[in-house]
Structures are given as C-alpha cells and as structure tokens.
>>> print(open('input.cif').read())   # mmCIF, C-alpha atoms and all ligand atoms
data_query
loop_
_atom_site.label_atom_id
_atom_site.label_comp_id
_atom_site.auth_asym_id
_atom_site.auth_seq_id
_atom_site.Cartn_x
_atom_site.Cartn_y
_atom_site.Cartn_z
CA MET A 18 -12.02 13.93 -29.70
CA ARG A 19 -10.40 17.29 -28.91
CA LYS A 20 -10.38 17.45 -25.13
CA ILE A 21 -9.77 14.73 -22.56
CA ALA A 22 -9.39 14.70 -18.79
CA ILE A 23 -7.26 12.58 -16.52
CA MET A 24 -7.34 11.86 -12.80
CA THR A 25 -5.71 9.67 -10.16
CA SER A 26 -8.03 8.10 -7.61
CA GLY A 27 -7.98 5.91 -4.50
CA GLY A 28 -4.73 4.90 -2.81
CA ASP A 29 -1.75 6.46 -4.57
CA ALA A 30 0.88 4.22 -6.15
CA PRO A 31 4.45 4.92 -7.32
CA GLY A 32 4.34 5.29 -11.10
CA MET A 33 1.03 7.18 -11.27
CA ASN A 34 3.00 10.28 -12.25
CA ALA A 35 4.80 8.37 -15.00
CA ALA A 36 1.41 7.24 -16.38
CA LEU A 37 0.10 10.80 -16.29
CA ARG A 38 3.21 12.07 -18.04
CA ALA A 39 2.89 9.47 -20.78
CA ALA A 40 -0.81 10.25 -21.33
CA VAL A 41 -0.13 13.97 -21.63
CA HIS A 42 2.72 13.41 -24.11
CA GLN A 43 0.58 11.06 -26.20
CA ALA A 44 -2.31 13.54 -26.23
CA VAL A 45 0.01 16.38 -27.30
CA VAL A 46 1.19 14.26 -30.24
CA HIS A 47 -2.46 14.06 -31.36
CA GLU A 48 -3.09 17.76 -30.61
CA VAL A 49 -5.67 16.83 -28.02
CA GLN A 50 -6.11 19.14 -25.02
CA VAL A 51 -5.65 17.59 -21.58
CA ILE A 52 -7.35 18.66 -18.37
CA GLY A 53 -5.97 17.39 -15.07
CA ILE A 54 -8.60 16.76 -12.41
CA SER A 55 -7.17 17.07 -8.91
CA HIS A 56 -8.23 14.93 -5.91
CA GLY A 57 -9.95 12.20 -7.94
CA TYR A 58 -13.75 12.03 -8.03
CA GLU A 59 -13.95 14.50 -5.15
CA GLY A 60 -12.19 17.06 -7.36
CA LEU A 61 -14.43 16.18 -10.28
CA LEU A 62 -17.44 17.10 -8.13
CA ARG A 63 -15.79 20.47 -7.45
CA SER A 64 -14.75 20.96 -11.11
CA ALA A 65 -11.12 21.08 -9.95
CA PHE A 66 -9.85 21.29 -13.52
CA THR A 67 -6.41 22.46 -14.65
CA PRO A 68 -5.21 22.52 -18.27
CA MET A 69 -2.04 20.45 -18.71
CA ASN A 70 0.77 20.62 -21.20
CA LEU A 71 4.23 19.11 -21.60
CA SER A 72 5.67 21.48 -18.97
CA SER A 73 3.09 20.31 -16.41
CA VAL A 74 4.57 16.83 -16.50
CA ASP A 75 8.27 17.73 -16.66
CA ASP A 76 10.43 16.20 -13.92
CA ILE A 77 7.81 13.80 -12.55
CA ILE A 78 8.71 10.39 -14.02
CA GLN A 79 10.83 9.63 -10.95
CA ARG A 80 8.41 10.95 -8.34
CA GLY A 81 6.19 8.78 -6.14
CA GLY A 82 2.72 9.93 -5.07
CA THR A 83 0.66 11.83 -7.62
CA ILE A 84 0.96 15.47 -8.62
CA LEU A 85 -2.80 15.41 -9.27
CA ARG A 86 -3.39 14.32 -5.63
CA SER A 87 -5.80 11.53 -4.84
CA ALA A 88 -8.87 10.94 -2.70
CA ARG A 89 -11.66 8.52 -1.94
CA SER A 90 -15.08 10.09 -2.51
CA GLN A 91 -18.26 8.97 -0.72
CA ARG A 92 -20.37 11.60 -2.49
CA PHE A 93 -19.46 10.28 -5.93
CA CYS A 94 -20.81 6.82 -5.02
CA SER A 95 -24.41 8.13 -5.13
CA LYS A 96 -26.44 8.50 -8.34
CA GLU A 97 -26.80 12.25 -7.70
CA GLY A 98 -23.06 12.57 -7.25
CA GLN A 99 -22.40 10.81 -10.53
CA GLU A 100 -24.91 12.99 -12.37
CA GLU A 101 -23.27 16.10 -10.95
CA ALA A 102 -19.85 14.77 -11.95
CA ILE A 103 -20.78 14.04 -15.55
CA ALA A 104 -22.51 17.43 -15.86
CA ASN A 105 -19.23 19.06 -14.78
CA LEU A 106 -17.34 17.12 -17.47
CA TRP A 107 -19.81 18.10 -20.20
CA ALA A 108 -19.77 21.73 -19.07
CA GLU A 109 -15.98 21.78 -19.49
CA GLY A 110 -16.28 20.31 -23.00
CA ILE A 111 -14.49 17.11 -21.97
CA GLU A 112 -15.13 14.19 -24.32
CA GLY A 113 -13.01 11.46 -22.78
CA LEU A 114 -11.73 10.53 -19.32
CA ILE A 115 -8.77 8.49 -18.08
CA VAL A 116 -8.95 7.23 -14.50
CA ILE A 117 -5.75 5.90 -12.94
CA GLY A 118 -6.59 3.85 -9.86
CA GLY A 119 -7.74 0.56 -8.41
CA GLU A 120 -10.92 -1.46 -8.68
CA GLY A 121 -13.02 1.02 -6.68
CA SER A 122 -11.96 3.79 -9.04
CA TYR A 123 -12.82 1.55 -12.00
CA ARG A 124 -16.40 1.19 -10.68
CA GLY A 125 -16.78 4.97 -10.82
CA ALA A 126 -15.28 5.04 -14.31
CA GLN A 127 -17.71 2.35 -15.45
CA ALA A 128 -20.65 4.35 -14.07
CA LEU A 129 -19.54 7.41 -16.07
CA ALA A 130 -19.04 5.26 -19.19
CA GLY A 131 -22.61 4.00 -18.73
CA MET A 132 -23.81 7.61 -18.68
CA GLY A 133 -22.15 8.35 -22.02
CA MET A 134 -18.67 9.61 -21.16
CA ALA A 135 -15.89 7.79 -23.01
CA THR A 136 -13.85 6.37 -20.14
CA VAL A 137 -10.68 4.29 -19.87
CA GLY A 138 -9.11 2.93 -16.67
CA VAL A 139 -5.41 2.51 -15.97
CA PRO A 140 -4.46 0.06 -13.18
CA GLY A 141 -2.73 1.99 -10.41
CA THR A 142 -2.50 0.32 -7.01
CA ILE A 143 0.32 -1.24 -5.05
CA ASP A 144 -1.92 -4.22 -4.18
CA ASN A 145 -1.81 -5.82 -7.66
CA ASP A 146 -5.34 -7.04 -7.02
CA ILE A 147 -7.01 -6.01 -10.29
CA PRO A 148 -8.16 -8.98 -12.39
CA GLY A 149 -7.27 -9.03 -16.08
CA THR A 150 -3.79 -7.56 -15.76
CA ASP A 151 -0.60 -9.32 -14.67
CA TYR A 152 0.69 -6.20 -12.94
CA THR A 153 -0.65 -2.93 -11.62
CA ILE A 154 1.40 0.26 -11.48
CA GLY A 155 3.16 0.59 -8.11
CA PHE A 156 3.24 -3.08 -7.15
CA ASP A 157 6.85 -3.67 -8.17
CA THR A 158 8.04 -0.62 -6.26
CA ALA A 159 6.11 -1.66 -3.13
CA VAL A 160 7.55 -5.18 -3.34
CA ASN A 161 11.08 -3.78 -3.61
CA THR A 162 10.43 -1.53 -0.61
CA VAL A 163 9.35 -4.55 1.44
CA VAL A 164 12.37 -6.60 0.32
CA GLU A 165 14.72 -3.78 1.31
CA ALA A 166 13.06 -3.65 4.73
CA MET A 167 13.44 -7.41 5.09
CA ASN A 168 17.16 -7.19 4.37
CA LYS A 169 17.55 -4.71 7.20
CA ILE A 170 15.31 -6.58 9.61
CA ARG A 171 17.25 -9.78 8.94
CA ASP A 172 20.48 -8.13 10.12
CA THR A 173 19.08 -7.23 13.50
CA ALA A 174 17.03 -10.45 13.72
CA THR A 175 20.23 -12.46 13.34
CA ALA A 176 22.21 -10.27 15.73
CA HIS A 177 19.66 -10.84 18.50
CA GLU A 178 18.45 -14.28 17.41
CA ARG A 179 14.84 -13.14 17.18
CA THR A 180 11.72 -13.95 15.24
CA PHE A 181 10.23 -10.96 13.44
CA VAL A 182 6.68 -10.56 12.24
CA LEU A 183 6.53 -8.10 9.37
CA GLU A 184 3.11 -6.75 8.45
CA VAL A 185 2.65 -5.56 4.87
CA MET A 186 -0.27 -4.00 3.01
CA GLY A 187 -3.06 -6.00 1.44
CA ARG A 188 -6.45 -5.95 3.13
CA ALA A 189 -7.93 -8.58 0.85
CA SER A 190 -4.95 -9.64 -1.19
CA GLY A 191 -1.63 -11.28 -0.48
CA HIS A 192 0.26 -10.37 -3.66
CA ILE A 193 2.70 -8.03 -1.92
CA ALA A 194 3.25 -10.45 0.98
CA LEU A 195 3.80 -13.44 -1.29
CA THR A 196 6.07 -11.79 -3.85
CA ALA A 197 8.14 -9.84 -1.35
CA GLY A 198 8.19 -12.73 1.10
CA LEU A 199 9.56 -15.02 -1.56
CA ALA A 200 12.13 -12.53 -2.82
CA GLY A 201 13.17 -11.58 0.71
CA GLY A 202 13.51 -15.16 1.93
CA ALA A 203 10.70 -15.15 4.51
CA GLU A 204 10.46 -18.20 6.75
CA SER A 205 6.64 -18.02 6.61
CA ILE A 206 4.17 -16.06 4.50
CA LEU A 207 0.60 -15.53 5.68
CA ILE A 208 -1.91 -14.30 3.10
CA PRO A 209 -5.71 -13.97 3.05
CA GLU A 210 -6.15 -16.22 -0.01
CA ILE A 211 -4.72 -19.32 1.65
CA PRO A 212 -5.91 -20.63 5.05
CA ASN A 213 -3.14 -20.22 7.58
CA ASN A 214 -2.21 -22.69 10.24
CA LEU A 215 -0.21 -21.08 13.00
CA ASP A 216 0.68 -24.46 14.50
CA ASP A 217 2.33 -25.30 11.22
CA VAL A 218 4.20 -21.99 11.17
CA CYS A 219 5.45 -22.62 14.71
CA ARG A 220 6.45 -26.20 13.93
CA ARG A 221 8.56 -24.94 11.02
CA LEU A 222 10.13 -22.22 13.17
CA LYS A 223 11.16 -24.78 15.78
CA TRP A 224 12.51 -27.13 13.15
CA SER A 225 14.62 -24.31 11.63
CA SER A 226 15.89 -23.35 15.04
CA GLU A 227 16.86 -26.96 15.79
CA ARG A 228 18.92 -27.09 12.63
CA GLY A 229 20.75 -23.95 13.75
CA LYS A 230 18.91 -21.06 12.13
CA VAL A 231 19.03 -18.18 14.55
CA HIS A 232 16.51 -15.78 13.05
CA SER A 233 13.16 -15.90 11.28
CA ILE A 234 10.93 -13.47 9.43
CA ILE A 235 7.20 -14.12 9.14
CA VAL A 236 5.56 -11.89 6.54
CA VAL A 237 1.87 -11.31 7.11
CA ALA A 238 -0.58 -9.45 4.87
CA GLU A 239 -2.60 -6.96 6.94
CA GLY A 240 -5.85 -8.71 5.91
CA VAL A 241 -4.89 -11.89 7.78
CA ALA A 242 -4.40 -10.53 11.29
CA SER A 243 -2.43 -7.91 13.14
CA ALA A 244 1.27 -8.68 13.29
CA TYR A 245 1.09 -8.04 17.05
CA THR A 246 -1.48 -10.82 17.50
CA ILE A 247 0.62 -13.24 15.43
CA ALA A 248 3.79 -12.33 17.34
CA GLU A 249 2.07 -12.92 20.70
CA GLU A 250 0.76 -16.31 19.55
CA VAL A 251 4.13 -17.38 18.15
CA LYS A 252 5.84 -16.41 21.40
CA LYS A 253 3.26 -18.35 23.41
CA ARG A 254 3.58 -21.48 21.29
CA THR A 255 7.37 -21.52 20.74
CA GLY A 256 8.86 -19.51 23.55
CA PHE A 257 10.87 -17.56 20.95
CA GLU A 258 11.49 -13.87 21.42
CA THR A 259 9.44 -11.96 18.85
CA ARG A 260 9.44 -8.43 17.48
CA VAL A 261 7.01 -6.66 15.17
CA THR A 262 7.45 -4.25 12.25
CA VAL A 263 4.41 -2.75 10.53
CA LEU A 264 5.55 -1.15 7.28
CA GLY A 265 2.27 0.68 6.63
CA HIS A 266 2.13 3.57 4.20
CA LEU A 267 5.88 3.56 3.70
CA GLN A 268 5.03 0.94 1.05
CA ARG A 269 2.96 3.42 -0.94
CA GLY A 270 5.70 6.02 -1.36
CA GLY A 271 9.11 6.28 -2.95
CA THR A 272 10.58 6.62 -6.38
CA PRO A 273 9.05 4.11 -8.82
CA THR A 274 11.23 1.26 -10.07
CA ALA A 275 12.22 1.10 -13.74
CA PHE A 276 9.63 -1.65 -14.19
CA ASP A 277 6.83 0.53 -12.83
CA ARG A 278 7.94 3.54 -14.91
CA LEU A 279 7.94 1.46 -18.06
CA LEU A 280 4.62 -0.18 -17.27
CA ALA A 281 3.04 3.18 -16.43
CA SER A 282 4.43 4.82 -19.57
CA ARG A 283 3.08 2.07 -21.79
CA LEU A 284 -0.36 1.91 -20.14
CA GLY A 285 -0.75 5.70 -19.89
CA SER A 286 0.11 6.39 -23.52
CA GLN A 287 -2.02 3.50 -24.79
CA ALA A 288 -4.99 4.71 -22.76
CA VAL A 289 -5.00 7.86 -24.90
CA GLU A 290 -4.80 5.79 -28.09
CA VAL A 291 -7.73 3.66 -26.96
CA LEU A 292 -9.83 6.75 -26.19
CA LEU A 293 -9.02 8.30 -29.57
CA GLU A 294 -9.94 5.06 -31.34
CA GLY A 295 -13.39 5.24 -29.74
CA GLY A 296 -12.77 2.85 -26.84
CA THR A 297 -14.82 3.26 -23.67
CA GLY A 298 -15.76 1.24 -20.60
CA VAL A 299 -12.41 -0.52 -20.71
CA ALA A 300 -9.35 -0.89 -18.52
CA MET A 301 -5.81 -0.99 -19.80
CA SER A 302 -4.06 -4.20 -18.92
CA TYR A 303 -0.66 -5.83 -19.21
CA VAL A 304 -0.74 -9.53 -20.05
CA ASN A 305 2.31 -11.60 -20.97
CA GLY A 306 4.26 -8.45 -21.78
CA GLU A 307 1.55 -6.99 -24.01
CA VAL A 308 -0.69 -4.00 -23.44
CA ARG A 309 -4.37 -4.38 -24.24
CA ALA A 310 -7.79 -3.02 -23.29
CA VAL A 311 -10.20 -5.21 -21.32
CA PRO A 312 -13.89 -4.30 -20.75
CA PHE A 313 -14.64 -3.30 -17.15
CA ASP A 314 -17.36 -6.00 -17.03
CA LYS A 315 -14.75 -8.63 -17.71
CA VAL A 316 -12.41 -7.17 -15.11
CA PHE A 317 -15.16 -7.22 -12.45
CA ALA A 318 -16.23 -10.75 -13.38
CA GLY A 319 -12.71 -12.12 -12.87
CA SER A 320 -10.62 -12.57 -9.78
CA LYS A 321 -6.92 -12.00 -9.35
CA GLU A 322 -5.70 -15.37 -8.19
CA ILE A 323 -2.59 -15.94 -6.16
CA ASP A 324 0.07 -17.88 -8.04
CA ARG A 325 0.02 -21.17 -6.10
CA SER A 326 3.32 -22.27 -7.58
CA LEU A 327 4.98 -19.20 -6.05
CA TYR A 328 3.41 -20.04 -2.71
CA ASN A 329 4.66 -23.63 -2.91
CA LEU A 330 8.11 -22.44 -3.91
CA ALA A 331 8.17 -20.06 -0.95
CA THR A 332 7.41 -23.00 1.36
CA VAL A 333 10.33 -24.99 -0.06
CA LEU A 334 12.72 -22.03 0.14
CA ALA A 335 11.67 -21.27 3.70
CA MET A 336 13.21 -24.48 5.07
O1 LIG A 401 -3.44 1.31 -1.87
C1 LIG A 401 -3.93 0.10 -1.41
C2 LIG A 401 -3.90 0.09 0.06
O2 LIG A 401 -2.62 0.50 0.34
C3 LIG A 401 -4.20 -1.18 0.85
O3 LIG A 401 -3.25 -2.18 0.81
C4 LIG A 401 -4.41 -0.60 2.22
O4 LIG A 401 -5.09 -1.45 3.06
C5 LIG A 401 -5.17 0.64 1.91
O5 LIG A 401 -4.78 1.03 0.61
C6 LIG A 401 -5.03 1.75 2.90
O6 LIG A 401 -5.38 2.94 2.32
P1 LIG A 401 -5.79 4.30 3.03
O7 LIG A 401 -4.80 4.56 4.08
O8 LIG A 401 -5.72 5.28 1.93
O9 LIG A 401 -7.16 4.10 3.55
#
>>> encode(input="input.cif", output="structure tokens")
Amino acid sequence: MRKIAIMTSGGDAPGMNAALRAAVHQAVVHEVQVIGISHGYEGLLRSAFTPMNLSSVDDIIQRGGTILRSARSQRFCSKEGQEEAIANLWAEGIEGLIVIGGEGSYRGAQALAGMGMATVGVPGTIDNDIPGTDYTIGFDTAVNTVVEAMNKIRDTATAHERTFVLEVMGRASGHIALTAGLAGGAESILIPEIPNNLDDVCRRLKWSSERGKVHSIIVVAEGVASAYTIAEEVKKRTGFETRVTVLGHLQRGGTPTAFDRLLASRLGSQAVEVLLEGGTGVAMSYVNGEVRAVPFDKVFAGSKEIDRSLYNLATVLAM
C-alpha cells in the first residue's frame, strides 16, 4: 500500500487532531503517502483531497476540533453517493482509508470496505457510545468539561440555596452524564438507559434538604428530557427554587486531556499498521488498556452498556 487517505466525520471530538497527527507520523515512517479528506464524506464526494506531511500536523496535538473539518453527509448515505465516493478514491490512487468518527461514520466506512476499499475506523465521539471499545476519543475531555462546569455551578447553587438541573450531551446514551455526574458529585443522574422516576429524585432532594444540604445538582442526559421540563417538574413537586444550565456544544470543544491525546495517538498510529497489514472492515478499539482491531460487524452487533455499578455508586454518593 503506497497511498492512504484519512478523514474525520460526524460530530467532532477533542483528540481527533491527535489521532490524525499520529496516523500521518506512522505513515511517514512506512513511506506511505497520506491524503487528508476535508469535511468527511461530503468532502469525499467533492474529491476534497490534500496531500499531508509531517508539517501538516505540526502544532495540533493540543487543539480541539479537527483541522480536516467534519460534516454529516446525506448524499453519501445513498448507493449512488457511495459509488461516486469510491470512484473518487480510486481515481486518486488511494488504496486505504481511515475514518475517525462515531457509529454513523463507521457505517459509511463499512459500506466502502464492502465495495473493495481497505477501510479502518477510529472511534472519535464524545458520547463514548461505540460498542467494542472501552473509550472513544473525546469522551474524557467532555467529561472533564462537565465536571469543571459542575464545580462552578455548585458555588452559586450553594450561595443561593438552589437546585440546578444541568443538561449534558447524549441523545441516546448516558455515558457523559453518568461519569461526569459521579465525578462531580451530582445529587441525581438521569440517563436514557435507566428508567427515571422523578418522584424518587424529588424524595431524595427533600431528604437531603432536611438533613441540611442547601444545594443540589441534577445531571440529565439530553436524550431523557429537556432540563427545563425537569426543572419545572421538580419545582412543582418540591417547591424548591430551580435553575437550568444547558452545556450544549461547549462539551465538544476544548483542548484534549492527556488521556484523550494518548488514546488518540495509540489508535491513530495503530490504524495505519492495521491497514498496512491488510486489515479492512475493522474498527480500532481500546479494551483493558490494549489496542486492537474489531470487525465492524461485531461492533454493530454489540451494545455499549452503562456500567450499573457506577450508577449504583452514584446513588450512594448522592446521599
Ligand atoms: O457528538 C455527539 C453529539 O454531540 C451528541 O451528543 C449530540 O446530541 C449531537 O452530537 C449533536 O450534534 P450536532 O450538533 O452536530 O447535530
């Protein structure tokens, strides 16, 4: 293999740049040319190709976002779109492709692998919702962002003796809410994977208040309900003064943590190794501290479960 391409796709995640940097360095070691595709699959359909070298990835390990830009492409989802995309790759002489993104991006990568392009996925999403890997690139940074926000909210919550509802990202997954909620000392954590009982939440809030706790933070994953709805309900049922903070896309930005940089560097460089060893239709994963390649089929067949023991621990610590 003499020429490979790399792209970032879907929602950006801090550490994507570190993964890109590692892949380029690893390819240079093997004297393999690297083409950067900008704007994900949308850019692939436009043949938005740029040759990359070591200088292209200087000074990016610490940067959030993605220098390749990212996008979600409707056109690529169709058969015609995929045929056009693979024709563009062949025309450029590209023999292997690395896609850094989430599960949606993996589906596109699998389609291209099925059409004969050697393709490897690298897990990049703050949601940590990809089965087959313990962590995805960007999750740790997002969790730390949420915890930092909780520290600040707690100050003002205590000063005014208020209950805060903090909405975090995760349309279908509660990994950010659970991990950050636990680390930030949330009084309640509401996630899509576990049925929520607002009466229970309110009972606990009242109990805490009776024992003298003057503030509370409820962390809710966006997939459960709007924080405004929860805050209204809590106010109605407890009479407590509530306030809402929706962190939104703030969670997707920022300088990646050391953990994310390390994870991204390991996964990005190994993705190149896997391609050069003839691997295709696989996703890089990180399991029990080890990097390995898992077939896309296996990834799609699995589900990324919530760690129930963490949830139970959070309940104990919330008292
Ligand atoms: O990157 C994942 C994610 O942040 C989800 O948690 C969120 O719901 C979604 O992407 C929003 O993405 P966008 O604003 O790009 O549609």
>>> closest_atom_pairs(input="input.cif", of="chain A", to="ligand LIG 401 (chain A)", cutoff="6 Å", atoms="all atoms listed in the file", output="CSV")
residue,atom,partner,partner_atom,distance
A:Gly28,CA,A:LIG401,O1,3.9
A:Thr142,CA,A:LIG401,O1,5.3
A:Ile143,CA,A:LIG401,O1,5.5
A:Asp144,CA,A:LIG401,C1,5.5
A:Met186,CA,A:LIG401,O3,4.1
A:Gly187,CA,A:LIG401,O3,3.9
A:Arg188,CA,A:LIG401,O4,4.7
>>> closest_residue(input="input.cif", among="A:Val218, A:Val139, A:Leu71, A:Arg89", to="Leu280 in chain A", atoms="only C-alpha atoms")
A:Val139
>>> residues_around(input="input.cif", residues="Ala22 in chain A", least_positions_apart="3", cutoff="6 Å", atoms="all atoms listed in the file", output="list in words")
Val51, Ile52, Gly53 and Leu114 of chain A
>>> axis_aligned_box(input="input.cif", around="range 315-330 of chain A", padding_each_side="8 Å", output="AutoDock Vina command-line options")
--center_x -4.1 --center_y -15.4 --center_z -10.2 --size_x 40.3 --size_y 32.5 --size_z 31.0
>>> closest_residue(input="input.cif", among="A:Val289, A:Ile206, A:Val137, A:Ala102", to="Gln50 in chain A", atoms="only C-alpha atoms")
A:Val289
>>> residues_around(input="input.cif", residues="Thr274 in chain A", least_positions_apart="3", cutoff="12 Å", atoms="only C-alpha atoms", output="PyMOL selection string")
chain A and resi 30-33+35+78-81+154-162+270-271+277-281
>>> residues_around(input="input.cif", residues="Gln127 in chain A", least_positions_apart="5", cutoff="10 Å", atoms="only C-alpha atoms", output="list of chain:residue names")
A:Ser122, A:Met132, A:Gly133, A:Met134, A:Ala135, A:Thr136, A:Val137, A:Gly138, A:Thr297, A:Gly298, A:Val299, A:Ala300, A:Pro312, A:Phe313, A:Asp314
>>> residues_near_point(input="input.cif", point="(-1.6, -7.7, 13.3)", cutoff="12 Å", atoms="only C-alpha atoms", output="mmCIF file with C-alpha atoms, keeping the file's coordinate frame")
data_model
loop_
_atom_site.group_PDB
_atom_site.id
_atom_site.type_symbol
_atom_site.label_atom_id
_atom_site.label_comp_id
_atom_site.auth_asym_id
_atom_site.auth_seq_id
_atom_site.Cartn_x
_atom_site.Cartn_y
_atom_site.Cartn_z
ATOM 1 C CA VAL A 182 6.680 -10.560 12.240
ATOM 2 C CA LEU A 183 6.530 -8.100 9.370
ATOM 3 C CA GLU A 184 3.110 -6.750 8.450
ATOM 4 C CA VAL A 185 2.650 -5.560 4.870
ATOM 5 C CA MET A 186 -0.270 -4.000 3.010
ATOM 6 C CA ARG A 188 -6.450 -5.950 3.130
ATOM 7 C CA LEU A 207 0.600 -15.530 5.680
ATOM 8 C CA ILE A 235 7.200 -14.120 9.140
ATOM 9 C CA VAL A 236 5.560 -11.890 6.540
ATOM 10 C CA VAL A 237 1.870 -11.310 7.110
ATOM 11 C CA ALA A 238 -0.580 -9.450 4.870
ATOM 12 C CA GLU A 239 -2.600 -6.960 6.940
ATOM 13 C CA GLY A 240 -5.850 -8.710 5.910
ATOM 14 C CA VAL A 241 -4.890 -11.890 7.780
ATOM 15 C CA ALA A 242 -4.400 -10.530 11.290
ATOM 16 C CA SER A 243 -2.430 -7.910 13.140
ATOM 17 C CA ALA A 244 1.270 -8.680 13.290
ATOM 18 C CA TYR A 245 1.090 -8.040 17.050
ATOM 19 C CA THR A 246 -1.480 -10.820 17.500
ATOM 20 C CA ILE A 247 0.620 -13.240 15.430
ATOM 21 C CA ALA A 248 3.790 -12.330 17.340
ATOM 22 C CA GLU A 249 2.070 -12.920 20.700
ATOM 23 C CA GLU A 250 0.760 -16.310 19.550
ATOM 24 C CA ARG A 260 9.440 -8.430 17.480
ATOM 25 C CA VAL A 261 7.010 -6.660 15.170
ATOM 26 C CA THR A 262 7.450 -4.250 12.250
ATOM 27 C CA VAL A 263 4.410 -2.750 10.530
ATOM 28 C CA LEU A 264 5.550 -1.150 7.280
ATOM 29 C CA GLY A 265 2.270 0.680 6.630
#
>>> residues_near_point(input="input.cif", point="(-10.0, -0.8, -24.7)", cutoff="6 Å", atoms="only C-alpha atoms", output="ChimeraX atom specification")
/A:291,296,299,310-311
>>> atom_distance(input="input.cif", atom1="CA of Lys169 in chain A", atom2="CA of Gly201 in chain A")
10.4 Å
>>> atom_distance(input="input.cif", atom1="CA of Glu294 in chain A", atom2="CA of Arg124 in chain A")
22.0 Å
>>> atom_distance(input="input.cif", atom1="CA of Asn34 in chain A", atom2="CA of Gly98 in chain A")
26.6 Å
>>> residues_around(input="input.cif", residues="Arg309 in chain A", least_positions_apart="5", cutoff="9 Å", atoms="all atoms listed in the file", output="count of residues only")
7
>>> closest_residue(input="input.cif", among="A:Ser64, A:Thr196, A:Ser190, A:Ser226", to="Pro209 in chain A", atoms="only C-alpha atoms")
A:Ser190
>>> residues_around(input="input.cif", residues="Gly198 in chain A", least_positions_apart="5", cutoff="8 Å", atoms="only C-alpha atoms", output="PyMOL selection string")
chain A and resi 164+193+203+205-206+236+331
>>> closest_residue(input="input.cif", among="A:Leu334, A:Ile117, A:Ile54, A:Ile234", to="Thr259 in chain A", atoms="only C-alpha atoms")
A:Ile234
>>> decode(input="input.cif", residues="range 195-208 of chain A", atoms="N, CA, C and O atoms", output="compact mmCIF listing (two decimals), in the first residue's frame")
# COMPACT_ATOMS: atom_id res chain seq x y z
N LEU A 195 -23.44 10.04 33.33
CA LEU A 195 -23.12 9.16 34.46
C LEU A 195 -21.70 9.40 34.99
O LEU A 195 -21.49 9.58 36.19
N THR A 196 -20.74 9.42 34.08
CA THR A 196 -19.35 9.56 34.51
C THR A 196 -19.09 10.94 35.12
O THR A 196 -18.49 11.05 36.20
N ALA A 197 -19.57 11.97 34.44
CA ALA A 197 -19.36 13.32 34.97
C ALA A 197 -20.19 13.54 36.23
O ALA A 197 -19.72 14.17 37.18
N GLY A 198 -21.40 13.02 36.23
CA GLY A 198 -22.27 13.18 37.39
C GLY A 198 -21.64 12.55 38.63
O GLY A 198 -21.65 13.13 39.71
N LEU A 199 -21.06 11.41 38.44
CA LEU A 199 -20.41 10.71 39.55
C LEU A 199 -19.18 11.50 40.03
O LEU A 199 -19.00 11.75 41.22
N ALA A 200 -18.35 11.89 39.06
CA ALA A 200 -17.12 12.61 39.42
C ALA A 200 -17.41 14.00 39.98
O ALA A 200 -16.63 14.51 40.79
N GLY A 201 -18.51 14.59 39.56
CA GLY A 201 -18.83 15.94 40.02
C GLY A 201 -19.73 15.97 41.25
O GLY A 201 -20.07 17.02 41.75
N GLY A 202 -20.12 14.79 41.71
CA GLY A 202 -20.93 14.72 42.94
C GLY A 202 -22.38 15.12 42.75
O GLY A 202 -22.99 15.74 43.63
N ALA A 203 -22.97 14.72 41.61
CA ALA A 203 -24.38 15.08 41.36
C ALA A 203 -25.29 14.43 42.39
O ALA A 203 -25.02 13.32 42.86
N GLU A 204 -26.38 15.12 42.71
CA GLU A 204 -27.35 14.57 43.66
C GLU A 204 -28.28 13.58 42.94
O GLU A 204 -28.84 12.68 43.56
N SER A 205 -28.46 13.76 41.63
CA SER A 205 -29.25 12.80 40.84
C SER A 205 -28.70 12.79 39.42
O SER A 205 -28.24 13.82 38.92
N ILE A 206 -28.74 11.61 38.80
CA ILE A 206 -28.26 11.47 37.42
C ILE A 206 -29.36 10.79 36.61
O ILE A 206 -29.80 9.68 36.97
N LEU A 207 -29.81 11.46 35.56
CA LEU A 207 -30.88 10.89 34.74
C LEU A 207 -30.32 10.54 33.36
O LEU A 207 -29.82 11.41 32.64
N ILE A 208 -30.41 9.26 33.01
CA ILE A 208 -29.84 8.80 31.74
C ILE A 208 -30.87 7.96 30.97
O ILE A 208 -31.75 7.35 31.58
